[in-house]
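This is start.cif (mmCIF, C-alpha atoms).
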```cif
data_protein
#
loop_
_atom_site.group_PDB
_atom_site.id
_atom_site.type_symbol
_atom_site.label_atom_id
_atom_site.label_comp_id
_atom_site.auth_asym_id
_atom_site.auth_seq_id
_atom_site.Cartn_x
_atom_site.Cartn_y
_atom_site.Cartn_z
ATOM 1 C CA MET Q 8 4.377 6.501 25.407
ATOM 2 C CA LEU Q 9 1.192 8.178 26.723
ATOM 3 C CA PHE Q 10 1.127 10.587 29.667
ATOM 4 C CA TYR Q 11 -2.255 10.918 31.362
ATOM 5 C CA ASN Q 12 -1.080 13.033 34.267
ATOM 6 C CA ASP Q 13 -1.550 16.703 33.305
ATOM 7 C CA LYS Q 14 1.075 17.887 35.778
ATOM 8 C CA ILE Q 15 3.730 15.624 34.279
ATOM 9 C CA LYS Q 16 2.777 16.726 30.791
ATOM 10 C CA LYS Q 17 2.986 20.422 31.681
ATOM 11 C CA GLU Q 18 6.342 19.915 33.373
ATOM 12 C CA LEU Q 19 7.788 18.175 30.307
ATOM 13 C CA LEU Q 20 6.410 20.844 27.991
ATOM 14 C CA LYS Q 21 7.976 23.529 30.154
ATOM 15 C CA ARG Q 22 11.326 21.772 30.496
ATOM 16 C CA PHE Q 23 11.829 21.096 26.783
ATOM 17 C CA SER Q 24 10.257 24.409 25.636
ATOM 18 C CA PHE Q 25 7.807 22.898 23.185
ATOM 19 C CA THR Q 26 6.047 25.391 20.952
ATOM 20 C CA SER Q 27 2.378 25.526 20.199
ATOM 21 C CA LYS Q 28 2.937 23.293 17.170
ATOM 22 C CA PHE Q 29 3.392 20.330 19.514
ATOM 23 C CA LYS Q 30 0.511 20.961 21.859
ATOM 24 C CA ASN Q 31 -0.657 17.414 21.366
ATOM 25 C CA PHE Q 32 2.296 15.815 23.155
ATOM 26 C CA ASP Q 33 0.917 12.294 22.733
ATOM 27 C CA PHE Q 34 0.771 12.703 18.971
ATOM 28 C CA PHE Q 35 4.256 14.214 18.878
ATOM 29 C CA LEU Q 36 5.785 11.268 20.708
ATOM 30 C CA THR Q 37 4.004 8.812 18.429
ATOM 31 C CA LEU Q 38 5.195 10.675 15.329
ATOM 32 C CA LYS Q 39 8.763 10.801 16.617
ATOM 33 C CA SER Q 40 8.789 7.066 17.237
ATOM 34 C CA ILE Q 41 8.107 6.258 13.562
ATOM 35 C CA LYS Q 42 10.591 8.728 12.109
ATOM 36 C CA THR Q 43 13.276 7.107 9.941
ATOM 37 C CA ASN Q 44 16.873 8.209 9.693
ATOM 38 C CA HIS Q 45 18.002 6.225 6.633
ATOM 39 C CA HIS Q 46 18.051 6.858 2.894
ATOM 40 C CA TRP Q 47 16.638 3.542 1.748
ATOM 41 C CA HIS Q 48 13.367 3.207 -0.108
ATOM 42 C CA LEU Q 49 10.995 0.920 1.800
ATOM 43 C CA VAL Q 50 8.673 -0.464 -0.849
ATOM 44 C CA ASP Q 51 4.925 -0.606 -0.306
ATOM 45 C CA PRO Q 52 3.222 -3.980 0.250
ATOM 46 C CA SER Q 53 2.796 -5.656 -3.119
ATOM 47 C CA PRO Q 54 0.943 -8.779 -4.333
ATOM 48 C CA TRP Q 55 3.279 -9.278 -7.308
ATOM 49 C CA PRO Q 56 5.943 -11.505 -5.649
ATOM 50 C CA LEU Q 57 3.298 -14.028 -4.607
ATOM 51 C CA MET Q 58 1.523 -13.879 -7.968
ATOM 52 C CA GLY Q 59 4.851 -14.224 -9.775
ATOM 53 C CA ALA Q 60 5.742 -17.303 -7.742
ATOM 54 C CA LEU Q 61 2.344 -18.874 -8.474
ATOM 55 C CA GLY Q 62 2.707 -18.075 -12.174
ATOM 56 C CA ALA Q 63 6.174 -19.649 -12.334
ATOM 57 C CA PHE Q 64 4.895 -22.721 -10.457
ATOM 58 C CA CYS Q 65 1.975 -23.148 -12.871
ATOM 59 C CA MET Q 66 4.237 -22.636 -15.882
ATOM 60 C CA THR Q 67 6.844 -25.215 -14.827
ATOM 61 C CA SER Q 68 4.319 -27.748 -13.520
ATOM 62 C CA GLY Q 69 2.123 -27.359 -16.591
ATOM 63 C CA GLY Q 70 5.119 -27.774 -18.875
ATOM 64 C CA VAL Q 71 6.118 -31.031 -17.182
ATOM 65 C CA LEU Q 72 2.545 -32.356 -17.259
ATOM 66 C CA TYR Q 73 2.204 -31.430 -20.930
ATOM 67 C CA MET Q 74 5.433 -33.210 -21.878
ATOM 68 C CA HIS Q 75 4.158 -36.323 -20.079
ATOM 69 C CA ASN Q 76 0.794 -36.140 -21.929
ATOM 70 C CA TYR Q 77 -1.355 -35.394 -18.867
ATOM 71 C CA ASN Q 78 -4.735 -33.803 -19.440
ATOM 72 C CA GLY Q 79 -4.805 -30.124 -18.539
ATOM 73 C CA GLY Q 80 -1.053 -29.717 -18.696
ATOM 74 C CA SER Q 81 -1.181 -27.403 -21.707
ATOM 75 C CA LEU Q 82 -3.870 -25.222 -20.119
ATOM 76 C CA LEU Q 83 -1.948 -24.957 -16.842
ATOM 77 C CA PHE Q 84 1.200 -24.019 -18.758
ATOM 78 C CA GLN Q 85 -0.629 -21.289 -20.681
ATOM 79 C CA ILE Q 86 -2.109 -19.878 -17.464
ATOM 80 C CA GLY Q 87 1.358 -19.811 -15.916
ATOM 81 C CA VAL Q 88 2.865 -18.019 -18.934
ATOM 82 C CA PHE Q 89 0.083 -15.407 -18.995
ATOM 83 C CA THR Q 90 0.362 -14.831 -15.239
ATOM 84 C CA THR Q 91 4.147 -14.469 -15.411
ATOM 85 C CA ILE Q 92 3.982 -11.962 -18.285
ATOM 86 C CA PHE Q 93 1.267 -9.980 -16.502
ATOM 87 C CA VAL Q 94 3.277 -9.854 -13.244
ATOM 88 C CA MET Q 95 6.407 -8.782 -15.128
ATOM 89 C CA TYR Q 96 4.499 -5.890 -16.679
ATOM 90 C CA VAL Q 97 2.769 -4.580 -13.550
ATOM 91 C CA TRP Q 98 5.809 -5.108 -11.286
ATOM 92 C CA TRP Q 99 8.169 -3.225 -13.575
ATOM 93 C CA ARG Q 100 5.479 -0.572 -14.019
ATOM 94 C CA ASP Q 101 5.533 0.002 -10.263
ATOM 95 C CA ILE Q 102 9.338 0.169 -10.231
ATOM 96 C CA ILE Q 103 9.358 2.691 -13.075
ATOM 97 C CA ARG Q 104 6.804 4.816 -11.237
ATOM 98 C CA GLU Q 105 8.848 4.718 -8.033
ATOM 99 C CA ALA Q 106 12.072 5.631 -9.831
ATOM 100 C CA THR Q 107 10.844 8.178 -12.381
ATOM 101 C CA PHE Q 108 7.815 9.911 -10.925
ATOM 102 C CA GLU Q 109 8.173 9.426 -7.167
ATOM 103 C CA GLU Q 110 11.983 9.866 -7.265
ATOM 104 C CA GLN Q 111 12.482 7.149 -4.657
ATOM 105 C CA HIS Q 112 15.669 5.744 -6.203
ATOM 106 C CA ASN Q 113 18.311 7.991 -4.676
ATOM 107 C CA SER Q 114 22.055 7.282 -4.758
ATOM 108 C CA ALA Q 115 21.876 4.790 -1.880
ATOM 109 C CA VAL Q 116 19.084 2.826 -3.550
ATOM 110 C CA GLN Q 117 20.929 2.840 -6.871
ATOM 111 C CA ARG Q 118 24.031 1.381 -5.209
ATOM 112 C CA GLY Q 119 21.894 -1.446 -3.885
ATOM 113 C CA LEU Q 120 20.350 -2.026 -7.306
ATOM 114 C CA ARG Q 121 23.776 -2.145 -8.939
ATOM 115 C CA LEU Q 122 25.008 -4.656 -6.391
ATOM 116 C CA GLY Q 123 21.898 -6.765 -6.939
ATOM 117 C CA MET Q 124 22.421 -6.739 -10.711
ATOM 118 C CA ILE Q 125 26.060 -7.745 -10.309
ATOM 119 C CA LEU Q 126 25.088 -10.683 -8.076
ATOM 120 C CA PHE Q 127 22.377 -11.688 -10.561
ATOM 121 C CA ILE Q 128 24.879 -11.765 -13.435
ATOM 122 C CA ILE Q 129 27.261 -13.832 -11.304
ATOM 123 C CA SER Q 130 24.470 -16.332 -10.658
ATOM 124 C CA GLU Q 131 23.839 -16.474 -14.421
ATOM 125 C CA ILE Q 132 27.528 -17.208 -14.991
ATOM 126 C CA MET Q 133 27.229 -20.166 -12.614
ATOM 127 C CA PHE Q 134 24.114 -21.276 -14.512
ATOM 128 C CA PHE Q 135 25.976 -21.476 -17.841
ATOM 129 C CA PHE Q 136 29.043 -22.916 -16.133
ATOM 130 C CA ALA Q 137 26.975 -26.039 -15.401
ATOM 131 C CA PHE Q 138 26.164 -26.518 -19.103
ATOM 132 C CA PHE Q 139 29.770 -25.995 -20.177
ATOM 133 C CA TRP Q 140 30.842 -28.464 -17.485
ATOM 134 C CA ALA Q 141 28.462 -31.079 -18.902
ATOM 135 C CA PHE Q 142 29.721 -30.408 -22.421
ATOM 136 C CA PHE Q 143 33.408 -30.766 -21.545
ATOM 137 C CA HIS Q 144 32.728 -33.772 -19.310
ATOM 138 C CA SER Q 145 31.136 -35.562 -22.250
ATOM 139 C CA SER Q 146 33.501 -34.379 -24.984
ATOM 140 C CA LEU Q 147 36.882 -34.780 -23.275
ATOM 141 C CA ALA Q 148 36.137 -38.334 -22.124
ATOM 142 C CA PRO Q 149 33.481 -39.763 -24.473
ATOM 143 C CA THR Q 150 31.969 -43.030 -23.292
ATOM 144 C CA PHE Q 151 31.553 -46.239 -25.264
ATOM 145 C CA ASN Q 152 27.820 -45.517 -25.614
ATOM 146 C CA ILE Q 153 28.581 -42.842 -28.215
ATOM 147 C CA GLY Q 154 31.422 -44.762 -29.847
ATOM 148 C CA GLY Q 155 34.232 -43.371 -27.709
ATOM 149 C CA VAL Q 156 34.647 -40.356 -30.003
ATOM 150 C CA TRP Q 157 33.443 -36.766 -30.076
ATOM 151 C CA PRO Q 158 31.304 -35.787 -31.881
ATOM 152 C CA PRO Q 159 29.484 -39.115 -31.640
ATOM 153 C CA GLU Q 160 29.374 -41.414 -34.620
ATOM 154 C CA ASP Q 161 26.662 -40.796 -37.236
ATOM 155 C CA ILE Q 162 26.131 -37.193 -36.014
ATOM 156 C CA ALA Q 163 26.308 -34.575 -38.766
ATOM 157 C CA THR Q 164 27.453 -31.426 -36.993
ATOM 158 C CA ILE Q 165 26.882 -27.754 -37.829
ATOM 159 C CA GLY Q 166 29.866 -25.937 -39.272
ATOM 160 C CA ALA Q 167 31.150 -22.876 -37.451
ATOM 161 C CA SER Q 168 31.702 -20.846 -40.628
ATOM 162 C CA GLY Q 169 28.034 -20.481 -41.593
ATOM 163 C CA ILE Q 170 25.219 -19.146 -39.456
ATOM 164 C CA PRO Q 171 27.227 -19.364 -36.181
ATOM 165 C CA LEU Q 172 29.935 -17.040 -37.541
ATOM 166 C CA THR Q 173 27.305 -14.641 -38.872
ATOM 167 C CA ASN Q 174 25.578 -14.607 -35.502
ATOM 168 C CA THR Q 175 28.912 -13.904 -33.824
ATOM 169 C CA ILE Q 176 29.417 -10.844 -36.025
ATOM 170 C CA LEU Q 177 25.853 -9.674 -35.330
ATOM 171 C CA LEU Q 178 26.170 -10.079 -31.568
ATOM 172 C CA LEU Q 179 29.567 -8.394 -31.356
ATOM 173 C CA SER Q 180 28.228 -5.524 -33.467
ATOM 174 C CA SER Q 181 25.256 -5.191 -31.130
ATOM 175 C CA GLY Q 182 27.682 -4.957 -28.214
ATOM 176 C CA ALA Q 183 29.381 -2.032 -29.943
ATOM 177 C CA THR Q 184 26.109 -0.218 -30.688
ATOM 178 C CA VAL Q 185 24.769 -0.653 -27.149
ATOM 179 C CA THR Q 186 28.055 0.735 -25.787
ATOM 180 C CA TRP Q 187 27.595 3.687 -28.133
ATOM 181 C CA ALA Q 188 24.116 4.223 -26.682
ATOM 182 C CA HIS Q 189 25.515 4.096 -23.136
ATOM 183 C CA HIS Q 190 28.165 6.715 -23.836
ATOM 184 C CA ALA Q 191 25.585 8.844 -25.650
ATOM 185 C CA ILE Q 192 23.160 9.009 -22.733
ATOM 186 C CA ARG Q 193 26.005 9.863 -20.353
ATOM 187 C CA GLY Q 194 26.880 12.687 -22.723
ATOM 188 C CA LYS Q 195 23.254 13.916 -22.847
ATOM 189 C CA ALA Q 196 22.925 12.973 -26.525
ATOM 190 C CA LYS Q 197 19.391 11.597 -26.693
ATOM 191 C CA LYS Q 198 19.348 11.263 -30.486
ATOM 192 C CA TYR Q 199 22.407 9.008 -30.570
ATOM 193 C CA THR Q 200 21.158 7.019 -27.602
ATOM 194 C CA ILE Q 201 17.981 6.223 -29.536
ATOM 195 C CA LEU Q 202 19.966 5.319 -32.662
ATOM 196 C CA GLY Q 203 22.330 3.060 -30.723
ATOM 197 C CA LEU Q 204 19.485 1.205 -29.026
ATOM 198 C CA PHE Q 205 17.568 0.914 -32.290
ATOM 199 C CA PHE Q 206 20.505 -0.715 -34.101
ATOM 200 C CA THR Q 207 21.108 -2.999 -31.111
ATOM 201 C CA VAL Q 208 17.517 -4.246 -31.107
ATOM 202 C CA VAL Q 209 17.587 -4.823 -34.886
ATOM 203 C CA LEU Q 210 20.804 -6.847 -34.619
ATOM 204 C CA ALA Q 211 19.353 -8.841 -31.709
ATOM 205 C CA ILE Q 212 16.225 -9.714 -33.702
ATOM 206 C CA LEU Q 213 18.349 -10.803 -36.674
ATOM 207 C CA PHE Q 214 20.411 -13.009 -34.358
ATOM 208 C CA THR Q 215 17.271 -14.661 -32.967
ATOM 209 C CA LEU Q 216 15.803 -15.262 -36.427
ATOM 210 C CA LEU Q 217 19.008 -16.872 -37.670
ATOM 211 C CA GLN Q 218 19.205 -19.026 -34.554
ATOM 212 C CA GLY Q 219 15.662 -20.223 -35.149
ATOM 213 C CA TYR Q 220 16.479 -20.957 -38.802
ATOM 214 C CA GLU Q 221 19.487 -22.994 -37.685
ATOM 215 C CA TYR Q 222 17.310 -25.012 -35.313
ATOM 216 C CA PHE Q 223 14.727 -25.832 -37.974
ATOM 217 C CA ASN Q 224 17.414 -27.006 -40.413
ATOM 218 C CA ALA Q 225 19.768 -28.745 -37.966
ATOM 219 C CA PRO Q 226 20.724 -32.318 -38.980
ATOM 220 C CA PHE Q 227 20.234 -33.593 -35.425
ATOM 221 C CA ASN Q 228 17.816 -33.020 -32.534
ATOM 222 C CA MET Q 229 17.888 -33.045 -28.749
ATOM 223 C CA ASN Q 230 17.344 -36.813 -28.630
ATOM 224 C CA ASP Q 231 20.560 -37.543 -30.541
ATOM 225 C CA SER Q 232 22.761 -38.624 -27.648
ATOM 226 C CA VAL Q 233 24.450 -36.333 -25.161
ATOM 227 C CA PHE Q 234 25.745 -34.195 -28.042
ATOM 228 C CA GLY Q 235 22.252 -33.063 -29.011
ATOM 229 C CA SER Q 236 21.280 -32.513 -25.384
ATOM 230 C CA CYS Q 237 24.316 -30.340 -24.612
ATOM 231 C CA PHE Q 238 24.021 -28.411 -27.873
ATOM 232 C CA TYR Q 239 20.344 -27.518 -27.578
ATOM 233 C CA MET Q 240 20.420 -26.853 -23.845
ATOM 234 C CA THR Q 241 23.403 -24.486 -24.111
ATOM 235 C CA THR Q 242 22.410 -22.647 -27.285
ATOM 236 C CA GLY Q 243 18.715 -22.716 -26.376
ATOM 237 C CA PHE Q 244 19.180 -21.117 -22.979
ATOM 238 C CA HIS Q 245 21.530 -18.569 -24.507
ATOM 239 C CA GLY Q 246 18.859 -17.751 -27.082
ATOM 240 C CA PHE Q 247 16.338 -17.328 -24.281
ATOM 241 C CA HIS Q 248 18.693 -14.889 -22.553
ATOM 242 C CA VAL Q 249 19.061 -12.995 -25.828
ATOM 243 C CA PHE Q 250 15.266 -12.717 -25.974
ATOM 244 C CA ILE Q 251 15.085 -11.419 -22.390
ATOM 245 C CA GLY Q 252 17.877 -8.939 -23.063
ATOM 246 C CA THR Q 253 16.121 -7.758 -26.222
ATOM 247 C CA CYS Q 254 12.930 -7.120 -24.254
ATOM 248 C CA CYS Q 255 14.882 -5.106 -21.665
ATOM 249 C CA LEU Q 256 16.514 -2.995 -24.376
ATOM 250 C CA ILE Q 257 13.161 -2.378 -26.086
ATOM 251 C CA VAL Q 258 11.698 -1.149 -22.787
ATOM 252 C CA SER Q 259 14.743 1.075 -22.282
ATOM 253 C CA PHE Q 260 14.345 2.397 -25.838
ATOM 254 C CA VAL Q 261 10.767 3.443 -25.105
ATOM 255 C CA ARG Q 262 11.797 5.032 -21.809
ATOM 256 C CA VAL Q 263 14.519 7.043 -23.532
ATOM 257 C CA VAL Q 264 11.953 8.332 -26.012
ATOM 258 C CA LEU Q 265 9.647 9.281 -23.100
ATOM 259 C CA ASN Q 266 12.496 11.133 -21.314
ATOM 260 C CA HIS Q 267 12.551 8.818 -18.302
ATOM 261 C CA TYR Q 268 16.345 8.844 -18.134
ATOM 262 C CA THR Q 269 18.931 11.512 -17.440
ATOM 263 C CA ALA Q 270 22.701 11.579 -17.810
ATOM 264 C CA THR Q 271 23.107 10.585 -14.135
ATOM 265 C CA HIS Q 272 19.918 8.593 -13.503
ATOM 266 C CA HIS Q 273 19.566 5.751 -16.017
ATOM 267 C CA PHE Q 274 20.187 2.526 -14.131
ATOM 268 C CA GLY Q 275 17.364 0.714 -15.955
ATOM 269 C CA LEU Q 276 19.242 1.179 -19.225
ATOM 270 C CA GLU Q 277 22.600 0.473 -17.606
ATOM 271 C CA ALA Q 278 21.390 -2.833 -16.166
ATOM 272 C CA GLY Q 279 20.135 -3.908 -19.598
ATOM 273 C CA ILE Q 280 23.514 -2.992 -21.126
ATOM 274 C CA TRP Q 281 25.385 -5.000 -18.482
ATOM 275 C CA TYR Q 282 23.125 -7.973 -19.195
ATOM 276 C CA TRP Q 283 23.694 -7.624 -22.937
ATOM 277 C CA HIS Q 284 27.479 -7.653 -22.537
ATOM 278 C CA PHE Q 285 27.107 -10.795 -20.430
ATOM 279 C CA VAL Q 286 25.142 -12.397 -23.285
ATOM 280 C CA ASP Q 287 27.923 -11.403 -25.710
ATOM 281 C CA VAL Q 288 30.661 -12.990 -23.611
ATOM 282 C CA VAL Q 289 28.698 -16.226 -23.144
ATOM 283 C CA TRP Q 290 28.189 -16.474 -26.900
ATOM 284 C CA LEU Q 291 31.928 -16.098 -27.541
ATOM 285 C CA PHE Q 292 32.657 -19.026 -25.217
ATOM 286 C CA LEU Q 293 29.804 -20.980 -26.784
ATOM 287 C CA PHE Q 294 30.968 -20.319 -30.358
ATOM 288 C CA VAL Q 295 34.566 -21.338 -29.651
ATOM 289 C CA THR Q 296 33.783 -24.453 -27.599
ATOM 290 C CA VAL Q 297 30.524 -25.846 -28.994
ATOM 291 C CA TYR Q 298 30.617 -24.820 -32.660
ATOM 292 C CA TRP Q 299 34.330 -24.539 -33.516
ATOM 293 C CA TRP Q 300 36.105 -26.978 -31.188
ATOM 294 C CA GLY Q 301 33.266 -29.336 -30.255
ATOM 295 C CA CYS Q 302 31.929 -29.867 -33.773
#
```
Take the structure I supplied and represent it as structure tokens, if you would.
Amino acid sequence: MLFYNDKIKKELLKRFSFTSKFKNFDFFLTLKSIKTNHHWHLVDPSPWPLMGALGAFCMTSGGVLYMHNYNGGSLLFQIGVFTTIFVMYVWWRDIIREATFEEQHNSAVQRGLRLGMILFIISEIMFFFAFFWAFFHSSLAPTFNIGGVWPPEDIATIGASGIPLTNTILLLSSGATVTWAHHAIRGKAKKYTILGLFFTVVLAILFTLLQGYEYFNAPFNMNDSVFGSCFYMTTGFHGFHVFIGTCCLIVSFVRVVLNHYTATHHFGLEAGIWYWHFVDVVWLFLFVTVYWWGC
């Protein structure tokens, strides 16, 4: 509000005993009107959400066009992948700057981030629930198209005692080492935090390499009835989540080395650890149902 009558202004200044610091009453009222009384971090305007959406659109559209042999589909897919990776880097860079250097992530903001991560993991559970639903729908009541049996006739399955069992041991071991790293950073033991994350990343890479080896030597492919579709969709998306989790842990490893985390302020690492435990649990269900029971 602006007061242009000098008498009114002088009367208000006299009544509320304003000091010389607020001689410019118009400016004081304007400043008071924009003052905030909350603890939340209001982020600055950013172009990354829009660029990320465009990158994801180009990546998915280009992938579909490429699989249908349209000209330019491969190029559009590559542009989408590059844009998505670039946005991931610069967006997380901004978040790290806000949290580490600007100290914008106070306790209230961290509670919101934790809630958001919990809801994200729940949405991921629903995502895998759809694939398990498709698998059990096809295996518990096999149709005549696949011979009325499960696994379908003429399908040579993958035994659970080979690479799948080895991968189970690797992933469960990585869950133990990442828990070690979590307890170490809470106990202000930087050395053991680095060691725990290092062993976790190594085990994750070994898991991914063995999964790729299994794919290249599998006796069936995705086109081999609903069995191949369910197998590759479930294990493939789990492998993609392992890759994403590995990237998150590598970033956290670097941030631990650069002293970005403290014993009470390390949600970036904690979120990656939560995600990794989620990946572990999904693999246990996948190993028991798809490899051991389903094959």
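Here atom CA of Q:Val185 is placed at a distance of 5.9 Å from atom CA of Q:Thr207.
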Mind checking which residues fall within 10 Å of Q:Thr200, counting only C-alpha atoms, ignoring those fewer than 3 positions away in the same chain, and posting them as an MDAnalysis selection string? chainID Q and resid 184:197 203:205 260 263:264
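If all atoms listed in the file are the atoms counted, then among Q:Leu213, Q:Ala63, Q:Gly182, Q:Trp98 the closest residue to Q:Trp281 is Q:Gly182.
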Just checking: using all atoms listed in the file, which residue out of Q:Met229, Q:Ile201, Q:Leu61, Q:Ile132 ends up closest to Q:Leu265?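 Between Q:Met229, Q:Ile201, Q:Leu61, Q:Ile132, the residue approaching Q:Leu265 most closely is Q:Ile201.
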May I ask for the distance between atom CA of Q:His245 and atom CA of Q:Arg118, given in Å to one decimal place? 27.9 Å
Would you list the residues near (16.6, -11.3, -25.9), meaning any protein, DNA or RNA residue with an atom at most 10 Å from that point in file coordinates, counting all atoms listed in the file, as a list in words? Val208, Ala211, Ile212, Phe214, Thr215, His245, Gly246, Phe247, His248, Val249, Phe250, Ile251, Gly252, Thr253, Cys254, Cys255, Leu256, Ile257, Tyr282, Trp283 and Val286 of chain Q
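Between Q:Phe206 and the candidates Q:Ser180, Q:Asn228, Q:Asn152, Q:Ile92, the tightest atom-to-atom separation, counting all atoms listed in the file, involves Q:Ser180.
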Please evaluate the PyMOL selection byres ((chain Q and resi 179) around 10) against the displayed coordinates and give the resulting residues as a PyMOL selection string. chain Q and resi 174-178+180-184+210+284+287-288+290-291
